[in-house]
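See below for entry-v4.pdb, which holds PDB, C-alpha atoms.
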```pdb
ATOM      1  CA  VAL D   1     -56.513  76.269 229.430
ATOM      2  CA  ILE D   2     -57.144  78.594 226.476
ATOM      3  CA  TYR D   3     -60.782  79.031 227.528
ATOM      4  CA  ARG D   4     -59.723  80.390 230.936
ATOM      5  CA  MET D   5     -57.236  82.916 229.529
ATOM      6  CA  SER D   6     -57.800  86.653 229.614
ATOM      7  CA  HIS D   7     -58.410  88.400 226.295
ATOM      8  CA  ARG D   8     -54.835  89.708 226.226
ATOM      9  CA  ARG D   9     -53.389  86.276 226.897
ATOM     10  CA  VAL D  10     -55.622  84.729 224.230
ATOM     11  CA  ALA D  11     -54.372  87.349 221.771
ATOM     12  CA  LEU D  12     -50.712  86.715 222.636
ATOM     13  CA  TYR D  13     -51.249  82.964 222.463
ATOM     14  CA  PHE D  14     -52.686  83.079 218.953
ATOM     15  CA  GLU D  15     -50.106  85.604 217.791
ATOM     16  CA  THR D  16     -47.457  83.085 218.853
ATOM     17  CA  LEU D  17     -49.223  80.200 217.119
ATOM     18  CA  ASN D  18     -49.701  82.295 214.013
ATOM     19  CA  ALA D  19     -45.921  82.746 213.771
ATOM     20  CA  LEU D  20     -45.367  78.997 213.614
ATOM     21  CA  PRO D  21     -45.286  77.168 210.261
ATOM     22  CA  CYS D  22     -48.281  75.045 209.322
ATOM     23  CA  ASN D  23     -46.975  71.556 208.637
ATOM     24  CA  SER D  24     -50.093  69.826 207.310
ATOM     25  CA  PRO D  25     -53.099  70.710 205.146
ATOM     26  CA  ALA D  26     -55.313  70.278 208.200
ATOM     27  CA  GLU D  27     -53.308  72.846 210.136
ATOM     28  CA  GLY D  28     -52.986  75.174 207.152
ATOM     29  CA  GLN D  29     -56.779  75.452 206.779
ATOM     30  CA  LEU D  30     -57.070  76.599 210.382
ATOM     31  CA  CYS D  31     -54.124  78.861 211.046
ATOM     32  CA  HIS D  32     -54.174  82.326 209.554
ATOM     33  CA  PRO D  33     -57.734  83.487 208.723
ATOM     34  CA  ILE D  34     -59.248  82.271 212.008
ATOM     35  CA  MET D  35     -56.426  83.824 214.031
ATOM     36  CA  ALA D  36     -56.989  87.240 212.507
ATOM     37  CA  SER D  37     -60.730  87.230 213.221
ATOM     38  CA  MET D  38     -60.299  86.013 216.798
ATOM     39  CA  LEU D  39     -57.929  88.813 217.733
ATOM     40  CA  SER D  40     -60.589  91.419 216.928
ATOM     41  CA  MET D  41     -63.300  89.804 219.103
ATOM     42  CA  SER D  42     -64.461  90.847 222.546
ATOM     43  CA  SER D  43     -63.086  89.006 225.547
ATOM     44  CA  SER D  44     -66.040  86.612 226.075
ATOM     45  CA  VAL D  45     -66.499  85.889 222.387
ATOM     46  CA  ALA D  46     -62.754  85.343 221.982
ATOM     47  CA  ARG D  47     -62.767  82.766 224.767
ATOM     48  CA  LYS D  48     -65.612  80.830 223.150
ATOM     49  CA  ALA D  49     -63.970  81.060 219.737
ATOM     50  CA  ALA D  50     -60.654  79.945 221.216
ATOM     51  CA  ARG D  51     -62.285  76.929 222.801
ATOM     52  CA  GLY D  52     -63.884  75.919 219.502
ATOM     53  CA  TYR D  53     -60.703  76.616 217.567
ATOM     54  CA  ALA D  54     -58.582  74.507 219.917
ATOM     55  CA  ALA D  55     -60.998  71.570 219.722
ATOM     56  CA  SER D  56     -61.112  71.749 215.908
ATOM     57  CA  CYS D  57     -57.355  72.117 215.602
ATOM     58  CA  PHE D  58     -56.531  69.197 217.884
ATOM     59  CA  THR D  59     -59.166  66.998 216.206
ATOM     60  CA  SER D  60     -57.860  67.804 212.709
ATOM     61  CA  VAL D  61     -54.212  67.290 213.585
ATOM     62  CA  ARG D  62     -55.009  64.061 215.451
ATOM     63  CA  ALA D  63     -56.988  62.795 212.450
ATOM     64  CA  ALA D  64     -54.184  63.694 210.024
ATOM     65  CA  SER D  65     -51.603  62.015 212.251
ATOM     66  CA  SER D  66     -53.767  58.934 212.698
ATOM     67  CA  GLN D  67     -54.383  58.602 208.968
ATOM     68  CA  ALA D  68     -50.666  58.906 208.162
ATOM     69  CA  GLY D  69     -49.564  56.366 210.719
ATOM     70  CA  ALA D  70     -52.428  53.892 210.405
ATOM     71  CA  ALA D  71     -50.792  51.760 207.725
ATOM     72  CA  TRP D  72     -47.837  50.667 209.856
ATOM     73  CA  GLN D  73     -49.021  51.434 213.396
ATOM     74  CA  SER D  74     -51.992  49.102 213.094
ATOM     75  CA  ASN D  75     -49.654  46.240 212.140
ATOM     76  CA  LEU D  76     -46.921  46.650 214.734
ATOM     77  CA  GLY D  77     -44.831  43.509 215.031
ATOM     78  CA  VAL D  78     -45.877  42.004 211.710
ATOM     79  CA  VAL D  79     -42.694  40.801 209.977
ATOM     80  CA  ARG D  80     -42.656  42.090 206.396
ATOM     81  CA  THR D  81     -40.125  42.380 203.594
ATOM     82  CA  ASP D  82     -42.347  44.371 201.200
ATOM     83  CA  TRP D  83     -41.934  47.842 202.746
ATOM     84  CA  THR D  84     -42.082  50.818 200.386
ATOM     85  CA  ARG D  85     -39.784  53.797 200.777
ATOM     86  CA  ASP D  86     -42.774  55.994 201.546
ATOM     87  CA  GLU D  87     -43.763  53.709 204.413
ATOM     88  CA  VAL D  88     -40.235  53.700 205.811
ATOM     89  CA  ALA D  89     -40.166  57.495 205.519
ATOM     90  CA  GLU D  90     -43.426  57.704 207.512
ATOM     91  CA  VAL D  91     -41.858  55.691 210.314
ATOM     92  CA  PHE D  92     -38.591  57.659 210.105
ATOM     93  CA  HIS D  93     -40.359  61.018 210.432
ATOM     94  CA  SER D  94     -42.650  59.974 213.295
ATOM     95  CA  PRO D  95     -42.525  62.093 216.477
ATOM     96  CA  LEU D  96     -39.668  60.780 218.607
ATOM     97  CA  LEU D  97     -41.651  59.688 221.661
ATOM     98  CA  GLU D  98     -44.305  58.034 219.500
ATOM     99  CA  LEU D  99     -41.558  56.193 217.638
ATOM    100  CA  MET D 100     -39.905  55.080 220.885
ATOM    101  CA  TYR D 101     -43.211  53.736 222.169
ATOM    102  CA  SER D 102     -43.874  51.820 218.946
ATOM    103  CA  ALA D 103     -40.335  50.415 218.888
ATOM    104  CA  ALA D 104     -40.573  49.319 222.520
ATOM    105  CA  THR D 105     -43.913  47.644 221.800
ATOM    106  CA  VAL D 106     -42.411  45.594 218.970
ATOM    107  CA  HIS D 107     -39.277  44.842 220.993
ATOM    108  CA  ARG D 108     -41.312  43.475 223.896
ATOM    109  CA  LYS D 109     -43.259  41.260 221.508
ATOM    110  CA  PHE D 110     -40.103  39.393 220.501
ATOM    111  CA  HIS D 111     -37.602  39.940 223.332
ATOM    112  CA  ASP D 112     -37.258  40.153 227.077
ATOM    113  CA  PRO D 113     -37.077  43.953 227.636
ATOM    114  CA  ARG D 114     -34.816  43.478 230.662
ATOM    115  CA  GLN D 115     -32.211  41.422 228.821
ATOM    116  CA  VAL D 116     -29.071  42.863 227.195
ATOM    117  CA  GLN D 117     -26.288  40.893 225.532
ATOM    118  CA  LYS D 118     -22.743  41.982 226.271
ATOM    119  CA  CYS D 119     -20.272  41.592 223.408
ATOM    120  CA  THR D 120     -16.540  42.256 223.136
ATOM    121  CA  LEU D 121     -14.905  43.388 219.882
ATOM    122  CA  LEU D 122     -11.215  42.868 219.095
ATOM    123  CA  SER D 123      -9.274  44.113 216.066
ATOM    124  CA  ILE D 124      -7.202  41.131 214.984
ATOM    125  CA  LYS D 125      -5.664  42.915 211.985
ATOM    126  CA  THR D 126      -5.377  46.718 212.092
ATOM    127  CA  GLY D 127      -4.612  49.050 209.176
ATOM    128  CA  GLY D 128      -3.482  48.468 205.605
ATOM    129  CA  CYS D 129      -6.915  47.824 204.092
ATOM    130  CA  PRO D 130      -6.848  48.407 200.291
ATOM    131  CA  GLU D 131     -10.405  49.794 200.249
ATOM    132  CA  ASP D 132     -10.855  53.589 200.101
ATOM    133  CA  CYS D 133     -13.823  53.985 202.480
ATOM    134  CA  GLY D 134     -13.780  57.678 203.325
ATOM    135  CA  TYR D 135     -14.826  57.240 206.946
ATOM    136  CA  CYS D 136     -12.246  54.559 207.838
ATOM    137  CA  ALA D 137      -8.878  55.326 209.430
ATOM    138  CA  GLN D 138      -7.711  51.795 208.559
ATOM    139  CA  SER D 139      -7.727  52.417 204.812
ATOM    140  CA  SER D 140      -4.242  52.334 203.269
ATOM    141  CA  LYS D 141      -5.371  55.304 201.164
ATOM    142  CA  HIS D 142      -5.485  57.477 204.300
ATOM    143  CA  ALA D 143      -2.547  55.906 206.158
ATOM    144  CA  LYS D 144      -0.186  58.845 205.729
ATOM    145  CA  SER D 145      -2.693  61.557 206.662
ATOM    146  CA  VAL D 146      -4.107  59.549 209.575
ATOM    147  CA  GLY D 147      -0.726  58.279 210.770
ATOM    148  CA  LEU D 148      -1.772  54.640 211.203
ATOM    149  CA  LYS D 149       0.693  51.888 210.362
ATOM    150  CA  ALA D 150      -0.504  48.528 209.116
ATOM    151  CA  GLU D 151      -0.101  45.681 211.585
ATOM    152  CA  LYS D 152       0.120  41.928 211.115
ATOM    153  CA  LEU D 153      -2.613  39.462 212.006
ATOM    154  CA  VAL D 154      -2.380  38.817 215.756
ATOM    155  CA  ASP D 155      -1.581  35.312 216.930
ATOM    156  CA  LEU D 156      -4.063  32.727 218.155
ATOM    157  CA  ASP D 157      -2.868  32.652 221.780
ATOM    158  CA  TYR D 158      -3.358  36.397 222.190
ATOM    159  CA  VAL D 159      -6.891  36.239 220.782
ATOM    160  CA  TYR D 160      -7.749  33.249 222.965
ATOM    161  CA  HIS D 161      -6.668  35.006 226.162
ATOM    162  CA  GLU D 162      -8.602  38.132 225.167
ATOM    163  CA  ALA D 163     -11.680  35.960 224.696
ATOM    164  CA  LEU D 164     -11.158  34.419 228.141
ATOM    165  CA  LYS D 165     -11.037  37.901 229.678
ATOM    166  CA  ALA D 166     -14.179  38.887 227.798
ATOM    167  CA  ARG D 167     -16.029  35.813 229.085
ATOM    168  CA  GLU D 168     -14.930  36.519 232.644
ATOM    169  CA  GLY D 169     -16.209  40.090 232.199
ATOM    170  CA  GLY D 170     -19.678  38.843 231.310
ATOM    171  CA  SER D 171     -19.547  38.854 227.502
ATOM    172  CA  THR D 172     -21.371  36.032 225.755
ATOM    173  CA  ARG D 173     -20.281  37.010 222.229
ATOM    174  CA  PHE D 174     -16.737  37.667 220.997
ATOM    175  CA  CYS D 175     -16.311  39.609 217.768
ATOM    176  CA  MET D 176     -13.146  39.832 215.646
ATOM    177  CA  GLY D 177     -12.488  42.393 212.920
ATOM    178  CA  ALA D 178      -9.762  42.372 210.268
ATOM    179  CA  ALA D 179      -8.923  45.307 207.990
ATOM    180  CA  TRP D 180      -9.191  43.253 204.796
ATOM    181  CA  ARG D 181     -11.006  43.646 201.510
ATOM    182  CA  GLY D 182     -11.815  39.987 202.101
ATOM    183  CA  PRO D 183     -10.129  36.622 202.710
ATOM    184  CA  SER D 184      -9.425  36.334 198.966
ATOM    185  CA  GLN D 185      -7.030  39.288 199.327
ATOM    186  CA  VAL D 186      -4.820  37.591 201.932
ATOM    187  CA  GLY D 187      -4.956  33.954 200.847
ATOM    188  CA  PRO D 188      -5.867  30.639 202.516
ATOM    189  CA  ARG D 189      -3.053  30.644 205.088
ATOM    190  CA  GLN D 190      -4.173  33.856 206.790
ATOM    191  CA  PHE D 191      -7.823  32.921 206.488
ATOM    192  CA  GLY D 192      -7.046  29.515 207.986
ATOM    193  CA  LYS D 193      -5.659  31.223 211.090
ATOM    194  CA  VAL D 194      -8.937  33.078 211.537
ATOM    195  CA  LEU D 195     -10.884  29.829 211.165
ATOM    196  CA  ASP D 196      -8.751  28.376 213.985
ATOM    197  CA  MET D 197      -9.559  31.406 216.145
ATOM    198  CA  VAL D 198     -13.277  30.923 215.523
ATOM    199  CA  SER D 199     -13.152  27.246 216.479
ATOM    200  CA  LYS D 200     -11.118  27.761 219.635
ATOM    201  CA  ILE D 201     -13.282  30.606 220.932
ATOM    202  CA  ARG D 202     -16.503  28.757 220.143
ATOM    203  CA  ALA D 203     -15.167  25.902 222.267
ATOM    204  CA  LEU D 204     -15.313  28.317 225.229
ATOM    205  CA  GLY D 205     -19.094  28.287 224.941
ATOM    206  CA  MET D 206     -19.214  31.806 223.493
ATOM    207  CA  GLU D 207     -20.933  33.058 220.371
ATOM    208  CA  VAL D 208     -18.408  34.193 217.748
ATOM    209  CA  CYS D 209     -18.760  37.015 215.227
ATOM    210  CA  THR D 210     -16.303  38.210 212.578
ATOM    211  CA  THR D 211     -16.065  41.059 210.088
ATOM    212  CA  LEU D 212     -13.521  40.258 207.381
ATOM    213  CA  GLY D 213     -14.805  42.075 204.298
ATOM    214  CA  MET D 214     -16.382  40.426 201.275
ATOM    215  CA  LEU D 215     -16.975  36.660 201.310
ATOM    216  CA  THR D 216     -17.496  34.059 198.617
ATOM    217  CA  PRO D 217     -20.066  31.288 199.237
ATOM    218  CA  GLU D 218     -17.209  28.833 199.920
ATOM    219  CA  GLN D 219     -15.551  31.125 202.482
ATOM    220  CA  ALA D 220     -18.882  31.647 204.253
ATOM    221  CA  LYS D 221     -19.356  27.872 204.504
ATOM    222  CA  LEU D 222     -15.846  27.428 205.958
ATOM    223  CA  LEU D 223     -16.644  29.993 208.640
ATOM    224  CA  ARG D 224     -19.914  28.247 209.416
ATOM    225  CA  ASN D 225     -18.166  24.894 209.701
ATOM    226  CA  ALA D 226     -15.626  26.457 212.077
ATOM    227  CA  GLY D 227     -18.517  27.431 214.355
ATOM    228  CA  LEU D 228     -19.149  31.076 213.442
ATOM    229  CA  THR D 229     -22.366  32.473 214.927
ATOM    230  CA  ALA D 230     -22.712  35.794 213.116
ATOM    231  CA  TYR D 231     -21.051  37.867 210.403
ATOM    232  CA  ASN D 232     -20.955  41.662 210.377
ATOM    233  CA  HIS D 233     -21.055  43.392 207.008
ATOM    234  CA  ASN D 234     -22.542  46.897 207.113
ATOM    235  CA  LEU D 235     -24.244  48.520 204.138
ATOM    236  CA  ASP D 236     -23.109  51.898 205.535
ATOM    237  CA  THR D 237     -25.666  54.126 203.766
ATOM    238  CA  SER D 238     -28.214  54.194 200.920
ATOM    239  CA  PRO D 239     -27.499  52.720 197.472
ATOM    240  CA  GLU D 240     -27.669  56.243 195.993
ATOM    241  CA  TYR D 241     -25.099  57.735 198.394
ATOM    242  CA  TYR D 242     -22.723  54.772 198.523
ATOM    243  CA  SER D 243     -20.440  55.953 195.711
ATOM    244  CA  LYS D 244     -19.750  59.100 197.763
ATOM    245  CA  ILE D 245     -18.332  56.871 200.515
ATOM    246  CA  THR D 246     -16.189  54.399 198.587
ATOM    247  CA  THR D 247     -15.175  53.736 194.981
ATOM    248  CA  THR D 248     -13.318  50.418 195.368
ATOM    249  CA  ARG D 249     -16.450  48.274 195.630
ATOM    250  CA  ARG D 250     -20.122  48.420 194.708
ATOM    251  CA  TYR D 251     -23.254  48.318 196.815
ATOM    252  CA  GLU D 252     -24.144  45.105 195.022
ATOM    253  CA  ASP D 253     -20.922  43.555 196.370
ATOM    254  CA  ARG D 254     -22.136  44.185 199.910
ATOM    255  CA  LEU D 255     -25.528  42.662 199.210
ATOM    256  CA  GLU D 256     -23.894  39.634 197.586
ATOM    257  CA  THR D 257     -21.809  38.980 200.700
ATOM    258  CA  LEU D 258     -24.918  39.206 202.885
ATOM    259  CA  ALA D 259     -26.604  36.641 200.627
ATOM    260  CA  ASN D 260     -23.563  34.342 200.863
ATOM    261  CA  VAL D 261     -23.547  34.622 204.654
ATOM    262  CA  ARG D 262     -27.259  33.890 204.881
ATOM    263  CA  GLY D 263     -26.912  30.989 202.453
ATOM    264  CA  ALA D 264     -24.277  29.402 204.698
ATOM    265  CA  GLY D 265     -26.639  29.498 207.668
ATOM    266  CA  ILE D 266     -24.806  32.261 209.533
ATOM    267  CA  SER D 267     -26.657  35.004 211.426
ATOM    268  CA  VAL D 268     -26.459  38.392 209.661
ATOM    269  CA  CYS D 269     -25.326  41.588 211.394
ATOM    270  CA  SER D 270     -25.710  44.572 209.066
ATOM    271  CA  GLY D 271     -26.448  48.241 209.609
ATOM    272  CA  GLY D 272     -24.868  51.564 208.775
ATOM    273  CA  ILE D 273     -23.236  54.820 209.808
ATOM    274  CA  ILE D 274     -24.826  58.218 210.337
ATOM    275  CA  GLY D 275     -22.856  61.435 210.024
ATOM    276  CA  LEU D 276     -21.232  60.781 206.632
ATOM    277  CA  GLY D 277     -22.785  63.862 205.072
ATOM    278  CA  GLU D 278     -25.861  61.922 203.981
ATOM    279  CA  ALA D 279     -29.378  63.371 203.827
ATOM    280  CA  ASP D 280     -32.475  62.040 205.579
ATOM    281  CA  GLN D 281     -33.547  60.248 202.405
ATOM    282  CA  ASP D 282     -30.275  58.297 202.505
ATOM    283  CA  ARG D 283     -31.010  57.092 206.018
ATOM    284  CA  VAL D 284     -34.478  56.105 204.828
ATOM    285  CA  GLY D 285     -32.858  54.343 201.855
ATOM    286  CA  LEU D 286     -30.545  52.350 204.127
ATOM    287  CA  LEU D 287     -33.439  51.261 206.346
ATOM    288  CA  HIS D 288     -35.530  50.396 203.315
ATOM    289  CA  THR D 289     -32.770  48.188 201.890
ATOM    290  CA  LEU D 290     -32.376  46.323 205.183
ATOM    291  CA  ALA D 291     -36.152  45.976 205.639
ATOM    292  CA  THR D 292     -36.643  44.485 202.164
ATOM    293  CA  LEU D 293     -33.891  41.858 202.286
ATOM    294  CA  PRO D 294     -35.294  38.310 201.830
ATOM    295  CA  GLU D 295     -34.680  37.845 205.562
ATOM    296  CA  HIS D 296     -34.100  40.675 208.015
ATOM    297  CA  PRO D 297     -30.684  40.894 209.719
ATOM    298  CA  GLU D 298     -30.751  39.504 213.263
ATOM    299  CA  SER D 299     -28.720  42.541 214.344
ATOM    300  CA  VAL D 300     -28.731  46.077 212.910
ATOM    301  CA  PRO D 301     -25.925  48.238 214.316
ATOM    302  CA  VAL D 302     -26.429  51.984 213.865
ATOM    303  CA  ASN D 303     -23.080  53.708 214.277
ATOM    304  CA  ALA D 304     -22.470  57.430 214.703
ATOM    305  CA  LEU D 305     -19.352  58.564 212.857
ATOM    306  CA  VAL D 306     -16.377  59.313 215.072
ATOM    307  CA  ALA D 307     -14.455  61.573 212.738
ATOM    308  CA  VAL D 308     -10.723  60.820 212.659
ATOM    309  CA  ALA D 309      -8.276  63.589 211.827
ATOM    310  CA  GLY D 310      -6.850  62.947 208.368
ATOM    311  CA  ALA D 311      -9.807  60.921 207.078
ATOM    312  CA  PRO D 312     -12.049  62.666 204.491
ATOM    313  CA  PRO D 313     -15.215  63.169 206.612
ATOM    314  CA  GLU D 314     -13.414  64.653 209.635
ATOM    315  CA  GLY D 315     -15.417  67.889 209.296
ATOM    316  CA  ASN D 316     -18.821  66.148 209.446
TER     317      ASN D 316
END
```
Whole structure given in structure tokens:
Amino acid sequence: VIYRMSHRRVALYFETLNALPCNSPAEGQLCHPIMASMLSMSSSVARKAARGYAASCFTSVRAASSQAGAAWQSNLGVVRTDWTRDEVAEVFHSPLLELMYSAATVHRKFHDPRQVQKCTLLSIKTGGCPEDCGYCAQSSKHAKSVGLKAEKLVDLDYVYHEALKAREGGSTRFCMGAAWRGPSQVGPRQFGKVLDMVSKIRALGMEVCTTLGMLTPEQAKLLRNAGLTAYNHNLDTSPEYYSKITTTRRYEDRLETLANVRGAGISVCSGGIIGLGEADQDRVGLLHTLATLPEHPESVPVNALVAVAGAPPEGN
């Protein structure tokens, strides 16, 4: 295309390119000095120079891109837990369409690309959580500013009928969330009610998932014995940024719960939230933590923050 341009169009084309930043050493070696000399050439010479320049530029950029991506692109689908942050950053900063293609390639290696699982989530205990997670409207620390009143644990019959409706609607997994720090906060009686819910819903032939906060090894085993399929416990963000999100627990507490869940033989569901004011390196840090767990989570939810008026990150 460049070769067939008129001299004026060649000049305008390179003036435009010259205004763009050079993002790699390969590009930087080609941009400015060659542009200046080309613009002073005659029409025929400029066309030939443009053709050579374009070929060199595309070859250099392609080589730089290939070299950067070779380490992970040549091993697509290989399950690893020894990723470095630099490798995760390479994947994270890949061109979007290239990343989508690579992700789809890996997905098709392990899953039917035409299959989607439908899940239904129910809050079985809303509000009154003692944690101070900045993003969460259910924290008791934000109750007054958010205007959310704490509710009691819903009863078993209500949950059962909601699960029946979910199954009739095509859901194969039923998830229940309670605004707790963990079962230890509420005691065995309340936790026992949740165990009954798990057992009764599992008897419907559905997968069952819960998110109840931090778990001890014993509590994880009780859930497994009740028939729990999966446990959701998000890491939220990177280890470095976590203290900006909450101060009532540590990142290590989250990782310990994931280990307890895995040790009980329960499937792990763990991901994070974007839009908390974090930087790109924090998103890379979250992915790196998940990718270097002893076993990868079976499910990695990536949530986009829905800012709630009255909660600290509402301006994000």
Written as a PyMOL selection string, what is the full residue list that the PyMOL selection byres ((chain D and resi 196) around 12) yields on the file shown? chain D and resi 155-157+159-160+189-195+197-203+208+222-223+225-228
Residue contacts of Arg80 of chain D (12 Å, all atoms listed in the file) excluding same-chain residues fewer than 2 positions away, as a PyMOL selection string: chain D and resi 72+75-78+82-84+87-88+288+290-296
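The residue set within 7 Å of Pro130 of chain D, counting all atoms listed in the file and dropping same-chain residues fewer than 4 places from it, reads Ser139, Ser140 and Arg181 of chain D.
Picture a line from atom CA of Ile124 of chain D to atom CA of Ala230 of chain D; it runs 16.5 Å.
Candidate residues D:Lys152, D:Arg249, D:Lys125, D:Lys141 were compared for distance to Pro312 of chain D, and the nearest is D:Lys141, using all atoms listed in the file.
Residue nearest Asp86 of chain D, chosen from D:Ala71, D:Lys144, D:Gly177, D:Ala304 and counting all atoms listed in the file: D:Ala71.
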Expand the PyMOL selection byres ((chain D and resi 212) around 7) into the individual residues it matches in the shown file, reporting them as a VMD selection string. chain D and resid 177 to 180 182 to 183 210 to 211 213 to 214
Keeping C-alpha atoms, export the residues of the selection given above as a compact mmCIF listing (two decimals), keeping the file's coordinate frame.
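Once everything was written out, this is out03.txt:
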```txt
# COMPACT_ATOMS: atom_id res chain seq x y z
CA GLY D 177 -12.49 42.39 212.92
CA ALA D 178 -9.76 42.37 210.27
CA ALA D 179 -8.92 45.31 207.99
CA TRP D 180 -9.19 43.25 204.80
CA GLY D 182 -11.82 39.99 202.10
CA PRO D 183 -10.13 36.62 202.71
CA THR D 210 -16.30 38.21 212.58
CA THR D 211 -16.07 41.06 210.09
CA GLY D 213 -14.80 42.08 204.30
CA MET D 214 -16.38 40.43 201.28
```
Length of the atom CA of Val268 of chain D to atom CA of Pro301 of chain D vector [Å]: 10.9 Å
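Each of D:Ile274, D:Cys119, D:Ala264, D:Cys133 was compared to Thr247 of chain D using all atoms listed in the file, and D:Cys133 turns out to be the nearest.
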Pick from D:Gln117, D:Glu151, D:Ala137, D:Gln281 nearest to Ser299 of chain D, counting only C-alpha atoms: D:Gln117
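Around Lys221 of chain D, within 9 Å and counting only C-alpha atoms, the residues found are Thr216, Pro217, Glu218, Arg224, Asn225, Ala226, Asn260, Val261, Gly263, Ala264, Gly265 and Ile266 of chain D, once anything fewer than 3 positions away on its own chain is removed.
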Just the selected residues (C-alpha atoms), exported as a PDB file, keeping the file's coordinate frame, please.
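Final file, out-v2.pdb:
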```pdb
ATOM      1  CA  THR D 216     -17.496  34.059 198.617  1.00  0.00           C
ATOM      2  CA  PRO D 217     -20.066  31.288 199.237  1.00  0.00           C
ATOM      3  CA  GLU D 218     -17.209  28.833 199.920  1.00  0.00           C
ATOM      4  CA  ARG D 224     -19.914  28.247 209.416  1.00  0.00           C
ATOM      5  CA  ASN D 225     -18.166  24.894 209.701  1.00  0.00           C
ATOM      6  CA  ALA D 226     -15.626  26.457 212.077  1.00  0.00           C
ATOM      7  CA  ASN D 260     -23.563  34.342 200.863  1.00  0.00           C
ATOM      8  CA  VAL D 261     -23.547  34.622 204.654  1.00  0.00           C
ATOM      9  CA  GLY D 263     -26.912  30.989 202.453  1.00  0.00           C
ATOM     10  CA  ALA D 264     -24.277  29.402 204.698  1.00  0.00           C
ATOM     11  CA  GLY D 265     -26.639  29.498 207.668  1.00  0.00           C
ATOM     12  CA  ILE D 266     -24.806  32.261 209.533  1.00  0.00           C
TER      13      ILE D 266
END
```
As an exercise, work out the distance from atom CA of Tyr158 of chain D to atom CA of Met176 of chain D in Å and give it to one decimal place. 12.3 Å
Choose the residue, out of D:Asp282, D:Glu256, D:Glu298, D:Asp236, that has the smallest atom-to-atom separation from Gly134 of chain D; count all atoms listed in the file. D:Asp236
Here's a test: counting all atoms listed in the file, identify every protein, DNA and RNA residue with an atom at most 7 Å from (-12.1, 37.6, 221.5) in the file's coordinate frame, and state them as a PyMOL selection string. chain D and resi 120-122+159-160+162-163+166+174-176
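Nearest-residue note for Leu258 of chain D: choosing from D:Asn232, D:Ile273, D:Thr246, D:Pro239, the minimum distance belongs to D:Asn232, counting all atoms listed in the file.
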Spell out the residues picked by the PyMOL selection byres ((chain D and resi 241) around 12) here, as a PyMOL selection string. chain D and resi 235-240+242-247+250-251+273-274+276-286
Could you give me, as a compact mmCIF listing (two decimals) with C-alpha atoms, in the coordinates of the input, the residues within 6 Å of Ser270 of chain D, counting all atoms listed in the file and dropping anything in the same chain fewer than 3 positions from it?
```txt
# COMPACT_ATOMS: atom_id res chain seq x y z
CA ASN D 232 -20.96 41.66 210.38
CA HIS D 233 -21.06 43.39 207.01
CA ASN D 234 -22.54 46.90 207.11
CA VAL D 300 -28.73 46.08 212.91
```
